[in-house]
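Undergrad: Dumping the structure here so I can ask a few things about it.
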Amino acid sequence: MINQTIPERLARKPFDNRRVARLGRLSTKKQGDDPAMERQTFDLNSAAKLVGPLRDELMFFDLDSGRNDDRSGFQEVMGLIKAGRLDALVILKLERLSRSWVTLAELWDEFSDSQCELLIIDWGAFVNFNPYSPDKAKFINESAAATQESIRTAQRVFRGWEWARHQGSAPYIVPFGFKRIDKKYA
């Protein structure tokens with residue numbers, strides 16, 4: 001449920017003139033084929049239409065790791081924010097924006113300096129970028145948690161590869177031109 005209190009700076013602007021972007025992200029291209037992308041898009045649109053009109057050109061979606069800051073949608077959104085061309089950005093979770101606490105700390109400053117509001121659906125509210133706001137601690141803590149989860153995921157994958165090597169079986173990712181038959185490449 002979204003707290004429908006619109007920040008004052010945004011509330012002063014007529015609804016139809018608000019430029020509201022939505023940014024979604026899935027970690028892999030393979031996930032783009034499953035319902036997760038459709039669900040994220042639905043959630044983003046449902047929340048964004050409470051804030052301003054939906055514009056197709058302001059819907060961005062990345063199919064890449066949150067540790068990669070060179071994602072095209074992320075870069076386009078940040079360019080719009082820096083240029084002062086967005087009034088609000090809607091994201092599902094903080095980790096969908098980035099999984100790097102360094103990047104997220106820089107984004108705190110970027111949003112604080114800009115005229116762009118940030119709505120995090122998971123929080124159910126807009127972020128208060130006042131430096132004395134409790135949102136700053138929450139933002140920093142979730143930034144660290146997103147980074148830690150990314151590291152833990154990489155460690156689990158590494159242990160999985162080690163286990164496969166220990167068992168003498170071929171890894172699950174099959175090189176081009178091969179098949180995986182009975183845990184071996186053929």
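We name chains A, B, ... following the order of the structure tokens; residues begin at 1 in each chain, and ligands are numbered from 1 as shown.
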Set the distance at 12 Å and use only C-alpha atoms: which residues neighbour Ile151 in chain A once local chain neighbours fewer than 4 positions away are removed? I'd like the list as a list in words.

TA: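 Skipping anything fewer than 4 positions along the chain leaves Ser65, Gly66, Arg67, Arg99, Ser100, Trp101, Ala144, Ala145, Ala146, Thr147, Gln155, Arg156, Val157 and Phe158 of chain A.
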
Undergrad: May I have the residues from that selection written out with C-alpha atoms, as a compact mmCIF listing (two decimals), in the first residue's frame?

TA:
# COMPACT_ATOMS: atom_id res chain seq x y z
CA SER A 65 23.03 -7.36 -12.53
CA GLY A 66 22.43 -4.57 -10.03
CA ARG A 67 26.19 -4.53 -9.47
CA ARG A 99 23.25 -3.48 -5.43
CA SER A 100 26.29 -1.34 -4.67
CA TRP A 101 26.19 0.61 -1.42
CA ALA A 144 24.46 -2.36 2.67
CA ALA A 145 22.00 -5.28 2.75
CA ALA A 146 21.68 -5.21 -1.05
CA THR A 147 25.45 -5.29 -1.41
CA GLN A 155 29.64 -17.02 -2.98
CA ARG A 156 26.79 -19.54 -3.35
CA VAL A 157 27.41 -19.75 -7.10
CA PHE A 158 31.15 -20.24 -6.52

Undergrad: In range 19-165 of chain A, what's helix (DSSP H, G or I) per DSSP? Answer as number ranges by chain?

TA: A: 30-33, 35-48, 56-58, 72-82, 94-97, 101-113, 121-123, 134-165

Undergrad: Might you pull out every residue within 9 Å of Thr28 in chain A, with only C-alpha atoms counted and same-chain residues fewer than 4 positions away left off, and present them as a list in words?

TA: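 Contacts, with the query itself left out: Gly32, Asp62, Leu63, Asp64 and Ser65 of chain A.
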
Undergrad: Selected residues, N, CA and C atoms, written as a PDB file, in the first residue's frame, please.

TA:
ATOM      1  N   GLY A  32      13.785 -12.293 -18.033  1.00  0.00           N
ATOM      2  CA  GLY A  32      12.918 -11.426 -18.825  1.00  0.00           C
ATOM      3  C   GLY A  32      11.805 -12.183 -19.523  1.00  0.00           C
ATOM      4  N   ASP A  62      15.927  -2.811 -17.095  1.00  0.00           N
ATOM      5  CA  ASP A  62      17.243  -3.404 -17.339  1.00  0.00           C
ATOM      6  C   ASP A  62      17.198  -4.895 -17.062  1.00  0.00           C
ATOM      7  N   LEU A  63      17.882  -5.660 -17.893  1.00  0.00           N
ATOM      8  CA  LEU A  63      18.048  -7.097 -17.677  1.00  0.00           C
ATOM      9  C   LEU A  63      19.535  -7.334 -17.443  1.00  0.00           C
ATOM     10  N   ASP A  64      19.975  -6.998 -16.243  1.00  0.00           N
ATOM     11  CA  ASP A  64      21.401  -7.066 -15.925  1.00  0.00           C
ATOM     12  C   ASP A  64      21.561  -7.021 -14.403  1.00  0.00           C
ATOM     13  N   SER A  65      22.734  -7.364 -13.953  1.00  0.00           N
ATOM     14  CA  SER A  65      23.028  -7.358 -12.528  1.00  0.00           C
ATOM     15  C   SER A  65      22.957  -5.949 -11.954  1.00  0.00           C
TER      16      SER A  65
END

Undergrad: With only C-alpha atoms as the counted atoms, please give the residues lying no more than 9 Å from Asn17 in chain A, apart from itself and same-chain residues fewer than 4 positions off, as a ChimeraX atom specification.

TA: /A:13,52-53

Undergrad: Given the choices A:Ser133, A:Val20, A:Thr5, A:Asp70, which gets closest to Leu118 in chain A if the distance is worked out from only C-alpha atoms?

TA: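 For Leu118 in chain A, the nearest of the candidates is A:Val20.
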
Undergrad: Looking only at strand (DSSP E) from DSSP on the backbone, list the matching residues of range 40-151 of chain A as a VMD selection string.

TA: chain A and resid 59 to 63 88 to 91 117 to 120 125 to 126

Undergrad: Would you list the contacts of Pro175 in chain A as a list in words, taking every protein, DNA or RNA residue within 12 Å and counting only C-alpha atoms, but skipping same-chain residues closer than 6 positions in sequence?

TA: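 Contacts, with the query itself left out: Lys184, Tyr185 and Ala186 of chain A.
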
Undergrad: So that I can check the surroundings of Asp122 in chain A, please list as JSON, numbers by chain every protein, DNA and RNA residue that reaches within 12 Å of it, counting only C-alpha atoms and ignoring chain neighbours fewer than 4 positions away.

TA: {"A": [1, 2, 3, 40, 43, 44, 47, 90, 91, 92, 93, 94, 95, 96, 118, 126, 127, 142]}

Undergrad: For a quick check of understanding, using only C-alpha atoms, which of A:Leu89, A:Phe176, A:Pro134, A:Phe129 has the smallest distance to Cys116 in chain A?

TA: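 That would be A:Leu89, the residue with the smallest distance to Cys116 in chain A.
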
Undergrad: Which value, in Å to one decimal, gives the distance between CA of Met59 in chain A and CA of Arg22 in chain A?

TA: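 According to the coordinates, CA of Met59 in chain A and CA of Arg22 in chain A are separated by 4.9 Å.
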
Undergrad: What gap, in Å, lies between CA of Leu97 in chain A and CA of Ala21 in chain A?

TA: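 Distance reported for this atom pair: 12.6 Å.
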